[in-house]
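Visitor: This is my_file_0.txt (compact mmCIF, C-alpha atoms).
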```txt
# COMPACT_ATOMS: atom_id res chain seq x y z
CA MET A 1 6.54 29.71 17.51
CA PHE A 2 3.10 28.17 17.37
CA ALA A 3 1.20 30.91 19.13
CA THR A 4 -2.22 29.57 18.22
CA ARG A 5 -1.49 26.00 19.06
CA ASP A 6 -4.08 24.42 21.23
CA LEU A 7 -2.87 23.46 24.69
CA THR A 8 -3.95 19.84 24.25
CA LEU A 9 -2.09 19.69 20.98
CA GLN A 10 0.95 21.20 22.60
CA ARG A 11 0.90 18.71 25.45
CA ALA A 12 0.33 15.79 23.10
CA ALA A 13 3.29 16.91 21.01
CA GLY A 14 5.28 16.98 24.24
CA GLY A 15 4.58 13.27 24.74
CA ASP A 16 1.57 13.48 27.06
CA HIS A 17 -0.50 10.37 26.32
CA GLU A 18 -3.65 11.71 27.98
CA SER A 19 -3.63 14.72 25.70
CA PHE A 20 -3.06 12.52 22.68
CA ALA A 21 -5.95 10.31 23.81
CA ALA A 22 -8.11 13.44 24.01
CA LEU A 23 -7.13 14.30 20.43
CA ILE A 24 -8.07 10.80 19.29
CA HIS A 25 -11.45 11.01 21.03
CA GLU A 26 -12.08 14.39 19.44
CA HIS A 27 -11.36 13.28 15.89
CA GLN A 28 -11.89 9.51 15.77
CA ASP A 29 -15.47 9.71 14.45
CA MET A 30 -14.41 11.95 11.56
CA VAL A 31 -11.43 9.80 10.57
CA PHE A 32 -13.28 6.52 10.96
CA SER A 33 -16.32 7.81 9.03
CA ILE A 34 -14.25 8.92 6.03
CA ALA A 35 -12.65 5.47 5.85
CA TRP A 36 -15.96 3.72 6.50
CA HIS A 37 -17.85 5.64 3.81
CA PHE A 38 -15.05 4.89 1.37
CA LEU A 39 -14.49 1.21 2.12
CA HIS A 40 -17.76 0.05 3.67
CA ASP A 41 -15.70 -2.46 5.63
CA ARG A 42 -15.57 -1.77 9.35
CA GLY A 43 -12.40 -3.79 9.93
CA ARG A 44 -10.43 -2.10 7.18
CA ALA A 45 -11.87 1.31 8.10
CA GLU A 46 -10.67 0.89 11.68
CA GLU A 47 -7.27 -0.30 10.51
CA ILE A 48 -6.85 2.76 8.31
CA ALA A 49 -8.10 5.07 11.07
CA GLN A 50 -5.62 3.55 13.54
CA GLU A 51 -2.77 3.96 11.07
CA VAL A 52 -3.74 7.60 10.54
CA PHE A 53 -3.51 8.28 14.29
CA LEU A 54 -0.23 6.39 14.58
CA GLN A 55 1.14 8.54 11.78
CA LEU A 56 -0.21 11.60 13.59
CA TYR A 57 1.61 10.54 16.75
CA ARG A 58 4.89 10.43 14.85
CA THR A 59 4.36 13.81 13.19
CA LEU A 60 2.65 15.78 15.95
CA GLY A 61 5.49 18.26 16.01
CA GLU A 62 4.56 19.41 12.51
CA ILE A 63 0.94 20.22 13.38
CA GLU A 64 0.58 23.94 13.87
CA SER A 65 -2.97 24.41 15.08
CA PRO A 66 -6.26 22.57 15.71
CA ALA A 67 -7.47 23.68 12.25
CA HIS A 68 -4.28 22.34 10.70
CA LEU A 69 -4.81 19.09 12.62
CA THR A 70 -8.32 18.65 11.18
CA PHE A 71 -7.06 19.43 7.69
CA TRP A 72 -4.13 17.02 8.13
CA LEU A 73 -6.35 14.20 9.37
CA ARG A 74 -8.80 14.60 6.47
CA ARG A 75 -5.97 14.68 3.95
CA VAL A 76 -4.02 11.72 5.33
CA THR A 77 -7.16 9.61 5.73
CA SER A 78 -8.19 10.38 2.14
CA ASN A 79 -4.72 9.53 0.85
CA ARG A 80 -4.72 6.25 2.71
CA CYS A 81 -8.16 5.41 1.32
CA ILE A 82 -6.93 6.11 -2.22
CA ASP A 83 -3.81 4.01 -1.60
CA GLU A 84 -6.00 1.22 -0.34
CA SER A 85 -8.17 1.31 -3.44
CA ARG A 86 -5.06 1.32 -5.68
CA ARG A 87 -3.70 -1.73 -3.90
CA GLY A 88 -7.03 -3.40 -4.53
CA ARG A 89 -7.13 -4.66 -0.96
CA TRP A 90 -10.65 -3.42 -0.42
CA ARG A 91 -13.59 -5.44 -1.51
CA ILE A 92 -16.04 -4.13 -4.09
CA VAL A 93 -19.50 -4.33 -2.58
CA THR A 94 -22.14 -5.61 -4.91
CA LEU A 95 -25.64 -4.23 -4.76
CA ASP A 96 -26.89 -7.29 -2.94
CA GLU A 97 -24.09 -7.13 -0.38
CA ALA A 98 -24.45 -3.39 0.01
CA SER A 99 -27.96 -3.79 1.32
CA ASP A 100 -26.46 -5.85 4.15
CA VAL A 101 -23.83 -3.30 5.10
CA ALA A 102 -26.09 -0.25 4.80
CA HIS A 103 -26.26 1.29 8.22
CA ASP A 104 -28.34 3.60 10.35
CA ALA A 105 -31.39 3.45 8.15
CA ASP A 106 -33.14 6.78 8.35
CA ALA A 107 -36.62 6.71 9.83
CA THR A 108 -38.03 9.26 7.39
CA ASP A 109 -36.96 7.53 4.19
CA PRO A 110 -34.93 4.43 4.93
CA LEU A 111 -35.34 2.98 1.44
CA LEU A 112 -33.96 6.05 -0.34
CA LYS A 113 -31.09 6.39 2.10
CA ARG A 114 -30.18 2.74 1.77
CA ARG A 115 -30.30 2.94 -1.99
CA VAL A 116 -28.05 6.01 -2.03
CA GLY A 117 -25.62 4.19 0.24
CA GLN A 118 -25.53 1.31 -2.24
CA MET A 119 -25.06 3.59 -5.23
CA LEU A 120 -22.18 5.46 -3.56
CA GLN A 121 -20.16 2.24 -3.49
CA ARG A 122 -20.36 2.08 -7.27
CA LEU A 123 -18.81 5.53 -7.79
CA PRO A 124 -15.12 5.95 -8.69
CA ALA A 125 -12.86 6.56 -5.70
CA GLN A 126 -12.23 10.27 -6.31
CA GLN A 127 -15.93 11.02 -6.78
CA ARG A 128 -16.82 9.12 -3.61
CA LEU A 129 -14.19 10.97 -1.60
CA ALA A 130 -15.28 14.34 -2.98
CA LEU A 131 -18.90 13.59 -2.08
CA THR A 132 -17.85 12.36 1.38
CA MET A 133 -15.95 15.59 2.02
CA ARG A 134 -18.91 17.60 0.75
CA TYR A 135 -21.69 15.84 2.64
CA GLN A 136 -19.96 14.26 5.64
CA GLU A 137 -17.63 17.16 6.40
CA GLY A 138 -19.68 19.96 4.81
CA LEU A 139 -16.66 21.33 2.93
CA GLU A 140 -16.82 23.80 0.06
CA PRO A 141 -15.32 22.67 -3.27
CA SER A 142 -12.23 24.85 -2.74
CA GLU A 143 -11.67 23.24 0.68
CA ILE A 144 -12.16 19.78 -0.83
CA GLY A 145 -9.57 20.66 -3.46
CA ALA A 146 -7.09 21.60 -0.72
CA VAL A 147 -7.71 18.38 1.21
CA LEU A 148 -7.60 16.07 -1.80
CA GLY A 149 -4.89 18.01 -3.62
CA MET A 150 -7.06 18.66 -6.67
CA PRO A 151 -7.75 21.76 -8.75
CA LEU A 152 -11.10 23.41 -8.03
CA ASN A 153 -12.53 22.51 -11.44
CA THR A 154 -11.61 18.86 -10.95
CA VAL A 155 -13.42 18.82 -7.62
CA LYS A 156 -16.49 20.44 -9.19
CA SER A 157 -16.36 17.90 -11.98
CA HIS A 158 -16.15 14.97 -9.53
CA LEU A 159 -19.07 16.33 -7.52
CA ARG A 160 -21.17 16.98 -10.62
CA ARG A 161 -20.46 13.58 -12.14
CA GLY A 162 -21.04 11.77 -8.85
CA LEU A 163 -24.38 13.49 -8.25
CA SER A 164 -25.40 12.98 -11.85
CA ALA A 165 -24.63 9.25 -11.65
CA LEU A 166 -26.56 8.95 -8.40
CA ARG A 167 -29.56 10.79 -9.89
CA GLU A 168 -29.45 8.62 -12.98
CA TRP A 169 -29.23 5.34 -11.03
CA LEU A 170 -31.89 6.40 -8.57
CA GLY A 171 -34.17 7.62 -11.36
CA ALA A 172 -33.70 4.35 -13.22
CA THR A 173 -34.54 2.26 -10.18
CA SER A 174 -37.36 4.39 -8.74
CA MET B 1 -40.05 7.91 -6.15
CA ASN B 2 -39.42 11.48 -7.26
CA ILE B 3 -35.71 12.33 -6.97
CA THR B 4 -35.16 16.06 -6.69
CA ASP B 5 -31.89 17.92 -6.08
CA LYS B 6 -33.07 18.90 -2.60
CA ASN B 7 -34.08 15.36 -1.89
CA ILE B 8 -30.75 13.89 -2.98
CA ASP B 9 -28.80 16.57 -1.05
CA GLU B 10 -30.65 15.78 2.16
CA THR B 11 -30.36 12.06 1.60
CA LEU B 12 -26.60 12.33 0.99
CA GLN B 13 -26.19 14.37 4.15
CA ARG B 14 -28.00 11.66 6.10
CA THR B 15 -26.26 8.76 4.32
CA LEU B 16 -22.82 10.28 4.68
CA ALA B 17 -23.28 11.58 8.21
CA ARG B 18 -20.42 10.84 10.58
CA THR B 19 -20.70 7.48 12.29
CA ARG B 20 -19.23 6.58 15.63
CA ALA B 21 -15.83 4.95 15.74
CA PRO B 22 -15.92 1.44 17.20
CA GLU B 23 -15.93 1.10 20.98
CA GLY B 24 -12.42 1.15 22.45
CA PHE B 25 -10.87 2.62 19.30
CA ALA B 26 -8.67 5.15 21.15
CA ASP B 27 -7.46 2.48 23.58
CA ARG B 28 -6.39 0.28 20.70
CA VAL B 29 -4.45 3.13 19.08
CA LEU B 30 -2.73 3.97 22.37
CA ALA B 31 -1.91 0.28 22.90
CA ARG B 32 -0.21 0.19 19.53
CA ILE B 33 1.81 3.27 20.46
CA ASP B 34 2.87 1.68 23.76
CA ALA B 35 3.64 -1.68 22.17
CA PRO B 36 7.35 -2.38 21.74
CA GLN B 37 8.51 -1.47 18.29
CA ALA B 38 8.68 -4.35 15.89
CA PRO B 39 12.22 -4.90 14.68
CA GLN B 40 12.87 -2.51 11.83
CA GLN B 41 15.48 -4.82 10.37
CA SER B 42 13.29 -7.40 8.67
CA ARG B 43 13.74 -5.67 5.30
CA TRP B 44 17.47 -5.23 5.94
CA LEU B 45 17.73 -8.82 7.04
CA SER B 46 16.21 -10.04 3.84
CA ALA B 47 18.49 -7.74 1.82
CA SER B 48 21.45 -9.00 3.78
CA ALA B 49 20.35 -12.58 3.24
CA LEU B 50 20.02 -11.88 -0.46
CA ARG B 51 23.53 -10.44 -0.53
CA ARG B 52 24.89 -13.52 1.23
CA ILE B 53 23.07 -15.84 -1.18
CA ALA B 54 24.42 -13.88 -4.16
CA ALA B 55 27.96 -14.07 -2.71
CA VAL B 56 27.68 -17.84 -2.24
CA ILE B 57 26.39 -18.27 -5.82
CA LEU B 58 29.25 -16.14 -7.22
CA PHE B 59 31.84 -18.01 -5.15
CA THR B 60 30.44 -21.38 -6.26
CA ALA B 61 30.43 -20.28 -9.90
CA ALA B 62 34.01 -19.01 -9.65
CA LEU B 63 35.15 -22.21 -7.93
CA GLY B 64 33.35 -24.30 -10.54
CA GLY B 65 34.97 -22.31 -13.36
CA LEU B 66 38.41 -22.69 -11.81
CA THR B 67 37.96 -26.42 -11.32
CA ALA B 68 36.74 -26.87 -14.90
CA HIS B 69 39.78 -24.91 -16.15
CA GLN B 70 42.15 -27.05 -14.06
CA ILE B 71 40.57 -30.26 -15.35
CA ALA B 72 40.90 -29.05 -18.94
CA GLU B 73 44.56 -28.08 -18.34
CA HIS B 74 45.28 -31.47 -16.79
CA ARG B 75 43.69 -33.28 -19.75
CA ARG B 76 45.64 -31.14 -22.21
CA ALA B 77 48.94 -31.91 -20.40
CA GLU B 78 48.13 -35.63 -20.38
CA GLY B 79 47.40 -35.43 -24.12
CA GLU B 80 50.73 -33.69 -24.76
CA LEU B 81 52.58 -36.35 -22.77
CA ALA B 82 50.86 -39.18 -24.63
CA LYS B 83 51.67 -37.49 -27.93
CA ARG B 84 55.32 -37.17 -26.97
CA GLU B 85 55.44 -40.84 -25.91
CA VAL B 86 53.90 -41.97 -29.20
CA MET B 87 56.40 -39.85 -31.16
CA THR B 88 59.31 -41.29 -29.15
CA ALA B 89 58.01 -44.83 -29.77
CA LEU B 90 57.71 -44.08 -33.48
CA HIS B 91 61.27 -42.74 -33.59
CA ILE B 92 62.59 -45.85 -31.85
CA ALA B 93 60.59 -48.14 -34.13
CA SER B 94 61.82 -46.21 -37.19
CA ALA B 95 65.45 -46.46 -36.07
CA LYS B 96 65.14 -50.18 -35.47
CA MET B 97 63.50 -50.63 -38.84
CA HIS B 98 66.37 -48.71 -40.38
CA VAL B 99 68.96 -51.01 -38.71
CA ALA B 100 67.03 -54.11 -39.78
CA GLN B 101 66.77 -52.81 -43.33
CA ARG B 102 70.56 -52.25 -43.49
CA ALA B 103 71.22 -55.76 -42.20
CA VAL B 104 68.91 -57.22 -44.85
CA SER B 105 70.64 -55.14 -47.59
CA ARG B 106 74.13 -56.33 -46.49
CA ASP B 107 73.02 -59.96 -46.61
```
Let's see the structure in the file written out as structure tokens.
Guide:
Amino acid sequence: MFATRDLTLQRAAGGDHESFAALIHEHQDMVFSIAWHFLHDRGRAEEIAQEVFLQLYRTLGEIESPAHLTFWLRRVTSNRCIDESRRGRWRIVTLDEASDVAHDADATDPLLKRRVGQMLQRLPAQQRLALTMRYQEGLEPSEIGAVLGMPLNTVKSHLRRGLSALREWLGATS
Amino acid sequence: MNITDKNIDETLQRTLARTRAPEGFADRVLARIDAPQAPQQSRWLSASALRRIAAVILFTAALGGLTAHQIAEHRRAEGELAKREVMTALHIASAKMHVAQRAVSRD
């Protein structure tokens, strides 16, 4: 039935906790990072990431392949981030606060990286998610559209507007 | 600072690079899976409680309405009785007046 299904996936779907733990270890950085880049709140990002894996545990039987699993995790995490922003449970980070939560300052240009991190928090949710999928996950616009459930032109528009806003803000503050 | 497209692309890749999940993340997820399921009935309980409250309110309203109706009926019956008694008293008084009037006329 699922000829291409990964053995670990198959075992996890069969109720093997060790295999499910292996799946979590394999994908936890991706799921957590999407939530973290969206929320910039480690506690809420972990909560969302945990909920995503709990949902995965309940629906493992529907996952057809490792590629499908990655796609599913990106999509569900994105949806939960959007839901979170609609509920207004996440905190808007001001520029001053953002400088405190900026992380992993890059040695080559820490100021620019920090400033971009701050600016990203000011972008609308859909633009931020599109940029996260593009630059964190390295997805093409068509793949982003599939994950976020958006038409290709909408994705391109979000990417263009997001980059344009970042360029404008950075140009204005440089 | 000169912001070029290449520059912003590279900076976004570095800024939005994957970060490590917190230490012990997988263990916490697995612990939640192993944890006994929270009762799923809290929502049903509250719905059931709401139904019970609504039933009590309806019953009280019906009982109150019935009682008010009975009180009104009782008052109406008492009024009818009093009216009948007054009429009877008037008839008696009228008859006696009639007898007295005859006696006065004969004299």
Visitor: How close does chain B get to chain A? List, as CSV, each residue of chain B within 6 Å, its nearest atom pair and the distance in Å to one decimal, counting all atoms listed in the file.
Guide:
```
residue,atom,partner,partner_atom,distance
B:Met1,CA,A:Ser174,CA,5.1
B:Thr11,CA,A:Lys113,CA,5.7
B:Gln13,CA,A:Tyr135,CA,5.0
B:Thr15,CA,A:Lys113,CA,5.8
B:Leu16,CA,A:Gln136,CA,5.0
B:Ala17,CA,A:Gln136,CA,5.0
B:Arg18,CA,A:Ser33,CA,5.3
B:Thr19,CA,A:Ser33,CA,5.5
B:Arg20,CA,A:Asp29,CA,5.0
B:Ala21,CA,A:Asp29,CA,4.9
B:Ala26,CA,A:Ile24,CA,6.0
B:Val29,CA,A:Gln50,CA,5.7
```
Visitor: Could you state the separation of CA of Ala12 in chain A and CA of Leu60 in chain A in Å, given to one decimal place?
Guide: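 So the two atoms, CA of Ala12 in chain A and CA of Leu60 in chain A, lie 7.5 Å apart.
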Visitor: In Å, rounded to a single decimal, give me how far CA of Leu111 in chain A is from CA of Arg14 in chain B.
Guide: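 The value is 12.3 Å.
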Visitor: Between CA of Glu140 in chain A and CA of Leu159 in chain A, what is the distance, to one decimal in Å?
Guide: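 About the pair CA of Glu140 in chain A and CA of Leu159 in chain A: they are 10.9 Å apart.
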